[in-house]
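Have a look at data.txt; it's compact mmCIF, C-alpha atoms:
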```
# COMPACT_ATOMS: atom_id res chain seq x y z
CA VAL A 1 16.89 -24.37 -59.80
CA LYS A 2 15.63 -24.52 -56.27
CA ASP A 3 18.15 -22.37 -54.48
CA VAL A 4 20.56 -19.72 -55.56
CA ALA A 5 23.03 -18.07 -53.29
CA PRO A 6 24.70 -15.01 -54.76
CA LEU A 7 28.04 -14.21 -53.20
CA SER A 8 28.27 -10.76 -54.66
CA SER A 9 25.80 -8.10 -55.66
CA THR A 10 26.54 -7.68 -59.36
CA GLU A 11 23.65 -8.33 -61.72
CA ARG A 12 25.15 -11.50 -63.21
CA THR A 13 25.60 -13.17 -59.81
CA THR A 14 22.20 -12.11 -58.49
CA LEU A 15 19.81 -14.27 -60.44
CA GLN A 16 16.63 -12.32 -61.01
CA ARG A 17 14.16 -15.16 -60.88
CA PHE A 18 15.14 -16.94 -57.67
CA PRO A 19 15.63 -15.26 -54.33
CA GLN A 20 18.53 -15.97 -52.05
CA ARG A 21 17.83 -18.50 -49.30
CA GLY A 22 19.41 -18.41 -45.91
CA ARG A 23 22.64 -20.41 -45.88
CA SER A 24 26.33 -19.71 -45.93
CA ALA A 25 26.97 -19.11 -49.59
CA ARG A 26 30.72 -18.82 -49.14
CA GLU A 27 31.01 -22.25 -47.45
CA LEU A 28 28.81 -23.74 -50.14
CA LEU A 29 31.01 -22.23 -52.86
CA HIS A 30 34.13 -23.80 -51.32
CA GLU A 31 32.36 -27.16 -50.92
CA ILE A 32 31.23 -27.23 -54.56
CA LEU A 33 34.65 -26.21 -55.85
CA ASP A 34 36.45 -28.74 -53.62
CA SER A 35 34.25 -31.66 -54.67
CA ALA A 36 34.50 -31.06 -58.42
CA LEU A 37 37.27 -32.29 -60.70
CA LEU A 38 36.92 -30.22 -63.84
CA CYS A 39 36.01 -26.64 -64.61
CA VAL A 40 34.77 -25.12 -67.84
CA LEU A 41 36.76 -21.92 -68.25
CA THR A 42 35.35 -19.46 -70.77
CA GLY A 43 36.76 -16.26 -72.16
CA VAL A 44 35.73 -13.91 -74.93
CA VAL A 45 37.80 -14.48 -78.08
CA ASP A 46 37.06 -12.27 -81.10
CA GLY A 47 33.79 -11.17 -79.49
CA SER A 48 32.46 -14.71 -78.94
CA PRO A 49 32.65 -17.10 -75.99
CA HIS A 50 35.41 -19.71 -76.09
CA ALA A 51 35.30 -22.56 -73.54
CA ILE A 52 38.10 -24.87 -72.41
CA PRO A 53 37.69 -27.71 -69.86
CA MET A 54 40.44 -27.34 -67.27
CA VAL A 55 41.73 -28.94 -64.09
CA TYR A 56 42.18 -26.44 -61.29
CA GLY A 57 43.11 -26.03 -57.66
CA ARG A 58 41.75 -23.85 -54.87
CA THR A 59 43.81 -22.19 -52.15
CA GLY A 60 41.75 -20.02 -49.83
CA GLU A 61 39.85 -17.51 -51.91
CA THR A 62 41.76 -18.14 -55.14
CA LEU A 63 41.31 -20.62 -58.00
CA TYR A 64 44.44 -21.56 -59.92
CA PHE A 65 44.69 -22.87 -63.47
CA HIS A 66 47.79 -23.88 -65.39
CA GLY A 67 48.46 -24.62 -69.02
CA SER A 68 50.05 -23.41 -72.18
CA PRO A 69 50.79 -19.68 -72.49
CA GLU A 70 49.00 -19.99 -75.84
CA ASN A 71 45.73 -21.05 -74.13
CA GLN A 72 43.29 -18.62 -75.74
CA VAL A 73 41.22 -18.17 -72.60
CA PHE A 74 44.36 -17.42 -70.56
CA VAL A 75 45.32 -14.82 -73.17
CA ALA A 76 41.83 -13.28 -73.20
CA GLY A 77 41.57 -13.22 -69.40
CA THR A 78 44.99 -11.64 -68.85
CA SER A 79 44.75 -8.91 -71.47
CA GLY A 80 41.80 -6.84 -70.33
CA GLY A 81 38.96 -9.37 -70.64
CA GLU A 82 37.15 -11.37 -68.00
CA VAL A 83 36.61 -15.12 -67.77
CA CYS A 84 33.84 -17.25 -66.32
CA ALA A 85 34.81 -20.43 -64.46
CA CYS A 86 31.86 -22.84 -64.27
CA VAL A 87 31.91 -26.00 -62.16
CA VAL A 88 28.96 -28.43 -62.01
CA ASN A 89 28.57 -31.54 -59.88
CA LEU A 90 25.79 -33.84 -61.05
CA TYR A 91 24.10 -36.08 -58.47
CA GLY A 92 21.03 -37.35 -60.28
CA LEU A 93 18.08 -36.73 -62.55
CA VAL A 94 14.79 -35.12 -61.59
CA LEU A 95 12.18 -37.03 -63.59
CA ALA A 96 8.93 -35.11 -63.35
CA ASN A 97 5.52 -36.21 -64.58
CA SER A 98 5.62 -33.39 -67.11
CA LEU A 99 8.22 -32.56 -69.76
CA TYR A 100 8.30 -29.03 -68.41
CA HIS A 101 9.63 -29.92 -64.95
CA HIS A 102 12.41 -32.31 -65.94
CA SER A 103 15.69 -31.27 -64.40
CA VAL A 104 18.76 -32.54 -62.57
CA VAL A 105 20.10 -32.85 -59.04
CA ALA A 106 23.25 -30.77 -59.25
CA ARG A 107 25.30 -28.06 -57.63
CA GLY A 108 27.11 -25.48 -59.68
CA ALA A 109 29.41 -22.55 -59.10
CA MET A 110 30.22 -19.67 -61.42
CA ILE A 111 33.12 -17.30 -60.79
CA TYR A 112 33.73 -14.17 -62.84
CA GLY A 113 36.66 -11.83 -63.25
CA PRO A 114 39.96 -11.14 -64.98
CA LEU A 115 42.79 -13.68 -64.63
CA GLN A 116 46.03 -12.72 -62.94
CA VAL A 117 49.33 -14.14 -64.20
CA VAL A 118 51.13 -15.81 -61.29
CA SER A 119 54.87 -15.15 -61.51
CA ASN A 120 56.04 -15.78 -57.93
CA PRO A 121 57.89 -19.16 -58.10
CA GLU A 122 56.54 -20.40 -54.75
CA GLU A 123 52.97 -19.48 -55.61
CA ARG A 124 53.36 -21.18 -58.99
CA LEU A 125 54.52 -24.41 -57.32
CA ALA A 126 51.77 -24.21 -54.71
CA ALA A 127 49.22 -23.76 -57.48
CA LEU A 128 50.44 -26.89 -59.30
CA ARG A 129 50.34 -28.88 -56.03
CA ALA A 130 46.81 -27.60 -55.30
CA SER A 131 45.69 -28.77 -58.74
CA ALA A 132 47.11 -32.28 -58.16
CA ASP A 133 45.46 -32.34 -54.70
CA GLN A 134 42.15 -31.33 -56.27
CA LEU A 135 42.26 -34.58 -58.29
CA VAL A 136 43.56 -36.82 -55.47
CA PRO A 137 44.08 -35.39 -51.98
CA GLY A 138 47.72 -35.90 -50.98
CA ARG A 139 48.96 -36.25 -54.56
CA GLY A 140 50.56 -32.80 -54.62
CA GLU A 141 53.04 -33.42 -51.81
CA ALA A 142 53.92 -36.88 -53.15
CA LEU A 143 55.51 -35.35 -56.22
CA PRO A 144 58.79 -33.48 -56.69
CA ASP A 145 58.98 -29.95 -58.04
CA PRO A 146 58.60 -29.79 -61.82
CA THR A 147 61.79 -29.36 -63.82
CA GLU A 148 62.86 -25.88 -64.92
CA GLU A 149 61.92 -26.83 -68.45
CA GLN A 150 58.42 -27.95 -67.41
CA LEU A 151 57.94 -24.75 -65.42
CA ALA A 152 59.06 -22.65 -68.36
CA ARG A 153 56.38 -24.27 -70.53
CA THR A 154 53.63 -23.62 -67.95
CA MET A 155 51.52 -20.53 -67.47
CA VAL A 156 49.85 -20.29 -64.06
CA VAL A 157 46.89 -17.95 -63.64
CA ALA A 158 44.77 -17.00 -60.63
CA LEU A 159 41.06 -16.18 -60.44
CA PRO A 160 39.98 -14.66 -57.10
CA LEU A 161 36.68 -15.96 -55.70
CA GLY A 162 35.38 -12.40 -55.59
CA GLU A 163 32.39 -12.27 -57.88
CA ALA A 164 30.70 -15.65 -57.71
CA SER A 165 27.37 -17.41 -57.47
CA VAL A 166 26.24 -20.93 -56.67
CA LYS A 167 23.20 -22.75 -57.99
CA ILE A 168 21.49 -25.75 -56.47
CA PHE A 169 19.23 -27.92 -58.57
CA GLU A 170 17.24 -30.35 -56.43
CA GLY A 171 14.44 -32.87 -56.40
CA PRO A 172 11.71 -33.79 -55.85
CA PRO A 173 10.27 -32.66 -59.20
CA GLY A 174 7.70 -30.18 -57.82
CA GLY A 175 5.43 -30.46 -60.84
CA ASP A 176 2.20 -28.54 -61.30
CA GLU A 177 -0.80 -29.86 -59.32
CA ALA A 178 -2.57 -31.13 -62.45
CA ASP A 179 0.47 -33.21 -63.39
CA TYR A 180 -0.01 -35.38 -60.29
CA GLU A 181 -3.45 -36.47 -61.50
CA LEU A 182 -1.78 -38.29 -64.39
CA ASP A 183 -0.80 -41.96 -64.12
CA ILE A 184 2.84 -41.07 -64.68
CA TRP A 185 5.66 -41.88 -62.33
CA ALA A 186 7.82 -39.04 -61.02
CA GLY A 187 10.91 -39.17 -58.87
CA VAL A 188 14.64 -38.87 -58.69
CA LEU A 189 17.20 -41.21 -60.28
CA PRO A 190 20.49 -40.87 -58.39
CA LEU A 191 23.87 -40.91 -60.13
CA VAL A 192 26.47 -42.81 -58.13
CA GLN A 193 30.11 -41.92 -58.80
CA THR A 194 32.85 -44.07 -57.31
CA TRP A 195 36.56 -44.52 -57.91
CA GLY A 196 37.55 -47.77 -59.60
CA THR A 197 40.73 -49.84 -59.50
CA PRO A 198 43.84 -47.93 -60.60
CA SER A 199 45.90 -49.21 -63.51
CA ASN A 200 49.65 -48.74 -63.77
CA ASP A 201 51.28 -46.57 -66.38
CA PRO A 202 52.79 -49.19 -68.76
CA LYS A 203 56.10 -47.31 -68.66
CA LEU A 204 56.33 -47.56 -64.85
CA ARG A 205 59.37 -49.47 -63.56
CA SER A 206 58.45 -52.66 -61.72
CA GLY A 207 58.34 -52.64 -57.95
CA ILE A 208 56.62 -49.28 -57.57
CA GLY A 209 53.33 -49.90 -55.77
CA VAL A 210 50.18 -47.83 -55.81
CA PRO A 211 50.57 -45.27 -52.99
CA GLU A 212 48.18 -45.04 -50.06
CA HIS A 213 46.75 -41.69 -51.16
CA VAL A 214 45.48 -43.47 -54.29
CA THR A 215 44.45 -46.85 -52.79
CA ARG A 216 42.31 -45.09 -50.18
CA MET A 217 40.25 -43.55 -53.01
CA VAL A 218 39.18 -46.93 -54.46
CA GLY A 219 35.49 -47.60 -53.89
CA LYS A 220 34.99 -44.18 -52.37
CA HIS A 221 32.32 -41.84 -53.66
CA ALA A 222 33.58 -39.19 -56.02
CA SER A 223 32.23 -35.63 -55.72
CA VAL B 1 44.94 -33.53 -74.65
CA LYS B 2 45.99 -36.49 -76.74
CA ASP B 3 43.68 -36.11 -79.70
CA VAL B 4 41.73 -33.25 -81.14
CA ALA B 5 39.37 -33.57 -84.02
CA PRO B 6 38.22 -30.27 -85.46
CA LEU B 7 34.91 -30.51 -87.32
CA SER B 8 35.26 -27.17 -88.99
CA SER B 9 38.11 -25.03 -90.19
CA THR B 10 37.67 -21.87 -88.13
CA GLU B 11 40.59 -20.90 -85.93
CA ARG B 12 38.78 -21.60 -82.65
CA THR B 13 37.89 -25.16 -83.65
CA THR B 14 41.33 -25.93 -85.10
CA LEU B 15 43.53 -26.15 -82.08
CA GLN B 16 46.96 -24.91 -82.98
CA ARG B 17 49.03 -27.15 -80.77
CA PHE B 18 47.64 -30.59 -81.56
CA PRO B 19 47.19 -32.00 -85.04
CA GLN B 20 44.04 -33.76 -86.18
CA ARG B 21 44.19 -37.57 -85.98
CA GLY B 22 42.41 -39.87 -88.37
CA ARG B 23 38.95 -40.73 -87.05
CA SER B 24 35.40 -39.77 -87.78
CA ALA B 25 35.06 -36.54 -85.89
CA ARG B 26 31.36 -36.18 -86.67
CA GLU B 27 30.49 -39.60 -85.19
CA LEU B 28 32.63 -38.83 -82.17
CA LEU B 29 30.84 -35.51 -81.68
CA HIS B 30 27.44 -37.25 -81.68
CA GLU B 31 28.71 -39.93 -79.29
CA ILE B 32 30.05 -37.38 -76.80
CA LEU B 33 26.88 -35.29 -76.94
CA ASP B 34 24.62 -38.35 -76.58
CA SER B 35 26.46 -39.73 -73.56
CA ALA B 36 26.53 -36.48 -71.58
CA LEU B 37 23.77 -35.15 -69.34
CA LEU B 38 24.59 -31.49 -68.85
CA CYS B 39 26.04 -28.76 -70.99
CA VAL B 40 27.67 -25.51 -69.96
CA LEU B 41 26.17 -22.89 -72.25
CA THR B 42 28.06 -19.60 -72.38
CA GLY B 43 27.19 -16.30 -74.00
CA VAL B 44 28.70 -12.83 -73.88
CA VAL B 45 26.78 -10.54 -71.55
CA ASP B 46 28.01 -6.94 -71.19
CA GLY B 47 31.28 -7.90 -72.87
CA SER B 48 32.09 -10.78 -70.47
CA PRO B 49 31.39 -14.52 -70.61
CA HIS B 50 28.30 -15.73 -68.72
CA ALA B 51 27.86 -19.49 -68.23
CA ILE B 52 24.71 -21.44 -67.38
CA PRO B 53 24.57 -25.24 -66.87
CA MET B 54 21.72 -26.59 -69.02
CA VAL B 55 20.03 -29.83 -69.97
CA TYR B 56 19.75 -30.28 -73.70
CA GLY B 57 18.65 -32.64 -76.44
CA ARG B 58 20.13 -33.55 -79.80
CA THR B 59 18.15 -34.26 -82.96
CA GLY B 60 20.34 -34.92 -85.98
CA GLU B 61 22.67 -31.98 -86.42
CA THR B 62 20.92 -29.69 -83.95
CA LEU B 63 21.19 -29.18 -80.19
CA TYR B 64 18.09 -27.89 -78.42
CA PHE B 65 17.89 -26.01 -75.13
CA HIS B 66 14.81 -24.78 -73.32
CA GLY B 67 14.29 -22.42 -70.43
CA SER B 68 13.08 -19.03 -69.39
CA PRO B 69 12.88 -16.31 -72.06
CA GLU B 70 14.83 -14.22 -69.52
CA ASN B 71 17.79 -16.64 -69.63
CA GLN B 72 20.63 -14.19 -70.28
CA VAL B 73 22.55 -16.58 -72.53
CA PHE B 74 19.42 -17.21 -74.63
CA VAL B 75 18.99 -13.44 -74.96
CA ALA B 76 22.66 -12.91 -75.88
CA GLY B 77 22.66 -15.78 -78.38
CA THR B 78 19.47 -14.72 -80.17
CA SER B 79 20.25 -11.02 -80.50
CA GLY B 80 23.37 -10.97 -82.61
CA GLY B 81 25.84 -12.75 -80.32
CA GLU B 82 27.22 -16.26 -80.41
CA VAL B 83 27.21 -18.92 -77.70
CA CYS B 84 29.57 -21.75 -76.85
CA ALA B 85 28.07 -25.05 -75.73
CA CYS B 86 30.62 -27.15 -73.84
CA VAL B 87 30.02 -30.76 -72.82
CA VAL B 88 32.59 -32.82 -70.90
CA ASN B 89 32.41 -36.48 -69.90
CA LEU B 90 34.91 -37.45 -67.23
CA TYR B 91 36.12 -41.06 -67.09
CA GLY B 92 39.09 -40.91 -64.75
CA LEU B 93 42.24 -39.22 -63.58
CA VAL B 94 45.65 -39.37 -65.21
CA LEU B 95 48.10 -39.44 -62.29
CA ALA B 96 51.55 -38.83 -63.69
CA ASN B 97 54.85 -39.07 -61.85
CA SER B 98 55.30 -35.34 -62.33
CA LEU B 99 53.02 -32.45 -61.40
CA TYR B 100 53.32 -31.19 -64.96
CA HIS B 101 51.69 -34.20 -66.64
CA HIS B 102 48.66 -34.61 -64.34
CA SER B 103 45.46 -34.66 -66.35
CA VAL B 104 42.13 -36.43 -66.78
CA VAL B 105 40.56 -39.11 -68.91
CA ALA B 106 37.74 -37.21 -70.55
CA ARG B 107 35.98 -36.42 -73.79
CA GLY B 108 34.69 -32.97 -74.52
CA ALA B 109 32.77 -31.20 -77.27
CA MET B 110 32.52 -27.50 -77.98
CA ILE B 111 29.93 -26.06 -80.37
CA TYR B 112 29.89 -22.42 -81.44
CA GLY B 113 27.33 -20.22 -83.13
CA PRO B 114 24.28 -18.02 -82.73
CA LEU B 115 21.11 -19.52 -81.20
CA GLN B 116 17.94 -19.76 -83.24
CA VAL B 117 14.55 -19.24 -81.55
CA VAL B 118 12.36 -22.27 -82.29
CA SER B 119 8.77 -21.16 -82.89
CA ASN B 120 7.29 -24.10 -84.80
CA PRO B 121 5.01 -25.88 -82.26
CA GLU B 122 5.96 -29.40 -83.41
CA GLU B 123 9.68 -28.65 -83.34
CA ARG B 124 9.28 -27.12 -79.87
CA LEU B 125 7.57 -30.29 -78.59
CA ALA B 126 10.16 -32.53 -80.27
CA ALA B 127 12.92 -30.48 -78.64
CA LEU B 128 11.40 -30.95 -75.16
CA ARG B 129 11.02 -34.70 -75.79
CA ALA B 130 14.63 -34.93 -77.02
CA SER B 131 15.80 -33.23 -73.81
CA ALA B 132 13.89 -35.71 -71.62
CA ASP B 133 15.28 -38.60 -73.73
CA GLN B 134 18.78 -37.22 -73.27
CA LEU B 135 18.36 -37.75 -69.51
CA VAL B 136 16.59 -41.14 -69.73
CA PRO B 137 16.05 -42.80 -73.11
CA GLY B 138 12.31 -43.38 -73.61
CA ARG B 139 11.28 -40.72 -71.09
CA GLY B 140 10.16 -38.25 -73.77
CA GLU B 141 7.46 -40.42 -75.28
CA ALA B 142 6.19 -41.53 -71.85
CA LEU B 143 5.02 -38.01 -71.10
CA PRO B 144 2.07 -35.99 -72.42
CA ASP B 145 2.46 -32.68 -74.23
CA PRO B 146 3.09 -29.77 -71.86
CA THR B 147 0.12 -27.55 -71.09
CA GLU B 148 -0.39 -24.33 -73.07
CA GLU B 149 0.63 -22.41 -69.98
CA GLN B 150 3.87 -24.41 -69.58
CA LEU B 151 4.67 -23.92 -73.27
CA ALA B 152 4.03 -20.19 -73.02
CA ARG B 153 6.59 -19.96 -70.21
CA THR B 154 9.23 -21.88 -72.21
CA MET B 155 11.71 -20.56 -74.74
CA VAL B 156 13.19 -23.21 -77.02
CA VAL B 157 16.40 -22.43 -78.89
CA ALA B 158 18.44 -24.39 -81.42
CA LEU B 159 22.20 -24.53 -81.94
CA PRO B 160 23.27 -26.23 -85.20
CA LEU B 161 26.28 -28.57 -84.94
CA GLY B 162 28.04 -26.53 -87.60
CA GLU B 163 31.15 -25.14 -86.02
CA ALA B 164 32.37 -27.67 -83.47
CA SER B 165 35.38 -29.44 -82.09
CA VAL B 166 35.98 -32.46 -79.89
CA LYS B 167 38.80 -33.02 -77.45
CA ILE B 168 39.99 -36.31 -76.06
CA PHE B 169 42.06 -36.44 -72.89
CA GLU B 170 43.56 -39.88 -72.32
CA GLY B 171 45.95 -41.90 -70.25
CA PRO B 172 48.52 -43.29 -69.73
CA PRO B 173 50.29 -40.22 -68.34
CA GLY B 174 53.08 -40.02 -70.93
CA GLY B 175 55.50 -38.24 -68.63
CA ASP B 176 58.97 -37.10 -69.58
CA GLU B 177 61.65 -39.84 -69.68
CA ALA B 178 63.41 -38.53 -66.58
CA ASP B 179 60.16 -38.74 -64.57
CA TYR B 180 60.17 -42.54 -64.92
CA GLU B 181 63.49 -42.79 -63.12
CA LEU B 182 61.79 -41.54 -59.95
CA ASP B 183 60.29 -43.95 -57.41
CA ILE B 184 56.85 -42.46 -57.94
CA TRP B 185 53.80 -44.38 -59.03
CA ALA B 186 51.98 -43.25 -62.17
CA GLY B 187 48.76 -44.54 -63.65
CA VAL B 188 45.09 -43.98 -64.25
CA LEU B 189 42.35 -43.92 -61.59
CA PRO B 190 39.03 -44.66 -63.30
CA LEU B 191 35.79 -42.92 -62.34
CA VAL B 192 32.83 -45.29 -62.39
CA GLN B 193 29.41 -43.73 -62.85
CA THR B 194 26.31 -45.86 -62.36
CA TRP B 195 22.62 -45.18 -61.87
CA GLY B 196 21.28 -45.86 -58.38
CA THR B 197 17.84 -46.81 -57.08
CA PRO B 198 15.11 -44.33 -58.00
CA SER B 199 13.10 -42.65 -55.25
CA ASN B 200 9.46 -41.65 -55.68
CA ASP B 201 8.31 -38.06 -55.71
CA PRO B 202 6.61 -37.73 -52.27
CA LYS B 203 3.59 -36.15 -53.99
CA LEU B 204 3.10 -39.16 -56.30
CA ARG B 205 -0.26 -40.94 -55.87
CA SER B 206 0.11 -44.51 -54.59
CA GLY B 207 -0.03 -47.36 -57.07
CA ILE B 208 2.12 -45.73 -59.76
CA GLY B 209 5.16 -47.95 -60.25
CA VAL B 210 8.57 -47.01 -61.59
CA PRO B 211 8.36 -47.46 -65.39
CA GLU B 212 10.55 -49.86 -67.32
CA HIS B 213 12.50 -47.07 -69.05
CA VAL B 214 13.70 -46.03 -65.57
CA THR B 215 14.17 -49.46 -63.94
CA ARG B 216 16.37 -50.60 -66.83
CA MET B 217 18.80 -47.76 -66.02
CA VAL B 218 19.47 -48.98 -62.46
CA GLY B 219 23.00 -50.34 -62.07
CA LYS B 220 23.87 -49.38 -65.63
CA HIS B 221 26.90 -47.27 -66.40
CA ALA B 222 26.17 -43.61 -66.94
CA SER B 223 27.96 -41.74 -69.75
```

If you convert what's in this file into structure tokens, what do you get?
Amino acid sequence: VKDVAPLSSTERTTLQRFPQRGRSARELLHEILDSALLCVLTGVVDGSPHAIPMVYGRTGETLYFHGSPENQVFVAGTSGGEVCACVVNLYGLVLANSLYHHSVVARGAMIYGPLQVVSNPEERLAALRASADQLVPGRGEALPDPTEEQLARTMVVALPLGEASVKIFEGPPGGDEADYELDIWAGVLPLVQTWGTPSNDPKLRSGIGVPEHVTRMVGKHAS
Amino acid sequence: VKDVAPLSSTERTTLQRFPQRGRSARELLHEILDSALLCVLTGVVDGSPHAIPMVYGRTGETLYFHGSPENQVFVAGTSGGEVCACVVNLYGLVLANSLYHHSVVARGAMIYGPLQVVSNPEERLAALRASADQLVPGRGEALPDPTEEQLARTMVVALPLGEASVKIFEGPPGGDEADYELDIWAGVLPLVQTWGTPSNDPKLRSGIGVPEHVTRMVGKHAS
């Protein structure tokens, strides 16, 4: 970890071992959240952590999640407990010339707090659209409102970006001086993520083409 | 979630809403863990979940993590609490013709339990090598043992693959029948992850070439 920017002053978002560097932590938090696709949402269930990978959407200073009302982390986070939303974007591997200094090139964000049940119908719809847009920009507005039955099956929860921290893991390795006297290569191996060619849902009626908001993703870098 | 394979019979690894399908869950667990690069490790700190992205290594039925002895999740997981290790590999986006059915193509693994401090010097070294090999196969044996000072700064912990579950998120979207009457495209957008061209550590002495265990990664699919 080369840089940590706490966005709040609680102990868990102010990492003890690395000082804050000068940059806009709030902008960085938004950037990391907007470029990720999945979040690991964790709650405390029966005294132990319980993690669920989730899609999500961001609107302003709020993260939205949706799923089954039986989702154990939703239940834990809306009945007095807190959750932790963790997002990590991986960009490469930091291959040091010592085992000790091996690491990754990555950016992560952690957000803490209780979940709020979203009951306002417009906010619920906006949250679902934001989650589709998080996957593919423009997807949300291309789709009709869910049916009443689909909405009835869906719980929407909000997590304000109040207590949060971001972590930046970077190269180059920065090994100990003695390590560089060894005949061992050190460097960074980048991970390249791009969008491939879309495939049709086999149940799709013929004559429905891939929309522009999807075709413009193809070949583009992801995250 | 199209398929869930619980590997144990506790409530948190036996998802209520999706039945187990017939496949070797243990092999699948190993496959998911071996193809991932990062893990989100969560413990309970002051009654709330606290997540830290970590590199890790697997040896047989054990996951190893290493880091600072001050790592709050290590402390929580070795002093009576449990941790949850969550790994997710993302392969694409499931773009349904309804907001409700949007999802991802992904495989995830969750492992639960207390952490064990690893004090045996050989097991500690093997754990560090397994973690380097997790990033780049063959990297572990290419490196010398860490110095005594590096080892003294490092806490190594083990998480047995005892209580675990795997989740598989798949396409095609599988929307509701009525959704397919709409003129809206549905399908899967694949995410392609490949290794790029390595860059040297600027502090590397000249004449040290990129080793074969790194060059053979270039252009290969990641995870």

Coordinates-based distance that separates CA of His213 (chain B) from CA of Val136 (chain B) (Å, one decimal):
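Pair CA of Val136 (chain B) / CA of His213 (chain B) returns 7.2 Å.
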
Sorted by chain and rising residue number, list the residues of region 117-214 of chain A at most 9 Å from region 180-191 of chain B (counting all atoms listed in the file), each with its closest atom pair and distance in Å to one decimal, as CSV.
```
residue,atom,partner,partner_atom,distance
A:Ala142,CA,B:Ile184,CA,7.9
A:Leu143,CA,B:Ile184,CA,7.4
A:Gln193,CA,B:Leu191,CA,6.8
A:Thr194,CA,B:Leu191,CA,5.9
A:Trp195,CA,B:Leu191,CA,4.8
A:Gly196,CA,B:Pro190,CA,5.1
A:Thr197,CA,B:Leu189,CA,6.5
A:Pro198,CA,B:Leu189,CA,4.4
A:Ser199,CA,B:Val188,CA,5.3
A:Asn200,CA,B:Gly187,CA,4.3
A:Asp201,CA,B:Gly187,CA,4.2
A:Pro202,CA,B:Gly187,CA,8.0
A:Lys203,CA,B:Tyr180,CA,7.3
A:Leu204,CA,B:Tyr180,CA,6.3
A:Arg205,CA,B:Tyr180,CA,7.1
A:Gly207,CA,B:Asp183,CA,8.9
A:Ile208,CA,B:Trp185,CA,5.8
A:Gly209,CA,B:Trp185,CA,6.4
A:Val210,CA,B:Trp185,CA,5.9
A:Pro211,CA,B:Trp185,CA,6.9
A:Val214,CA,B:Leu189,CA,8.0
```

Find the residues near Met110 (chain A): any atom within 9 Å, counting all atoms listed in the file, skip ones fewer than 4 places away on the same chain, and give them as an MDAnalysis selection string.
(chainID A and resid 13 29 84:88 163:167) or (chainID B and resid 50:52)

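The shortest atom-to-atom distance to Leu128 (chain A), with all atoms listed in the file taken into account, belongs to B:Leu99 out of B:Val83, B:Leu99, B:Val45, B:Met54.
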
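Remark: for chain A, the closest of the candidate residues B:Leu93, B:Ile168, B:Ala126, B:Leu28 is B:Leu93 (distances computed over only C-alpha atoms).
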
Find the residues around Glu27 (chain B) up to 12 Å (all atoms listed in the file counted), leave out those fewer than 2 positions away in its own chain, and share them as a list in words.
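What passes the distance filter is Ala5, Leu7, Arg23, Ser24, Ala25, Leu29, His30, Glu31, Ile32, Leu33, Asp34, Gly60, Glu61, Ala109, Leu161, Ser165 and Val166 of chain B.
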
For the residues selected in the previous step, produce a file with C-alpha atoms as a compact mmCIF listing (two decimals), keeping the file's coordinate frame.
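Wrote out-v4.txt, looks like this:
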```txt
# COMPACT_ATOMS: atom_id res chain seq x y z
CA ALA B 5 39.37 -33.57 -84.02
CA LEU B 7 34.91 -30.51 -87.32
CA ARG B 23 38.95 -40.73 -87.05
CA SER B 24 35.40 -39.77 -87.78
CA ALA B 25 35.06 -36.54 -85.89
CA LEU B 29 30.84 -35.51 -81.68
CA HIS B 30 27.44 -37.25 -81.68
CA GLU B 31 28.71 -39.93 -79.29
CA ILE B 32 30.05 -37.38 -76.80
CA LEU B 33 26.88 -35.29 -76.94
CA ASP B 34 24.62 -38.35 -76.58
CA GLY B 60 20.34 -34.92 -85.98
CA GLU B 61 22.67 -31.98 -86.42
CA ALA B 109 32.77 -31.20 -77.27
CA LEU B 161 26.28 -28.57 -84.94
CA SER B 165 35.38 -29.44 -82.09
CA VAL B 166 35.98 -32.46 -79.89
```

Can you measure CA of Leu90 (chain A) to CA of Cys39 (chain B) for me? One decimal in Å is fine.
11.2 Å

For Leu41 (chain A), which residue among A:Val157, A:Ala127, A:Ala96, A:Ala222 is the nearest when counting only C-alpha atoms?
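Checking each candidate against Leu41 (chain A), we get A:Val157 as the closest.
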
N, CA and C atoms are what I want for region 215-221 of chain B; can you complete it accordingly and write them as an mmCIF file, in the coordinates of the input?
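Output (rebuild.cif):
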```
data_model
loop_
_atom_site.group_PDB
_atom_site.id
_atom_site.type_symbol
_atom_site.label_atom_id
_atom_site.label_comp_id
_atom_site.auth_asym_id
_atom_site.auth_seq_id
_atom_site.Cartn_x
_atom_site.Cartn_y
_atom_site.Cartn_z
ATOM 1 N N THR B 215 13.585 -48.306 -64.647
ATOM 2 C CA THR B 215 14.170 -49.460 -63.940
ATOM 3 C C THR B 215 15.339 -50.070 -64.723
ATOM 4 N N ARG B 216 15.268 -50.009 -66.048
ATOM 5 C CA ARG B 216 16.370 -50.600 -66.830
ATOM 6 C C ARG B 216 17.663 -49.798 -66.730
ATOM 7 N N MET B 217 17.588 -48.574 -66.214
ATOM 8 C CA MET B 217 18.800 -47.760 -66.020
ATOM 9 C C MET B 217 19.576 -48.208 -64.781
ATOM 10 N N VAL B 218 18.862 -48.738 -63.770
ATOM 11 C CA VAL B 218 19.470 -48.980 -62.460
ATOM 12 C C VAL B 218 20.664 -49.938 -62.566
ATOM 13 N N GLY B 219 21.789 -49.531 -62.034
ATOM 14 C CA GLY B 219 23.000 -50.340 -62.070
ATOM 15 C C GLY B 219 23.784 -50.195 -63.365
ATOM 16 N N LYS B 220 23.170 -49.565 -64.356
ATOM 17 C CA LYS B 220 23.870 -49.380 -65.630
ATOM 18 C C LYS B 220 24.885 -48.245 -65.537
ATOM 19 N N HIS B 221 25.915 -48.339 -66.349
ATOM 20 C CA HIS B 221 26.900 -47.270 -66.400
ATOM 21 C C HIS B 221 26.288 -46.012 -67.005
#
```
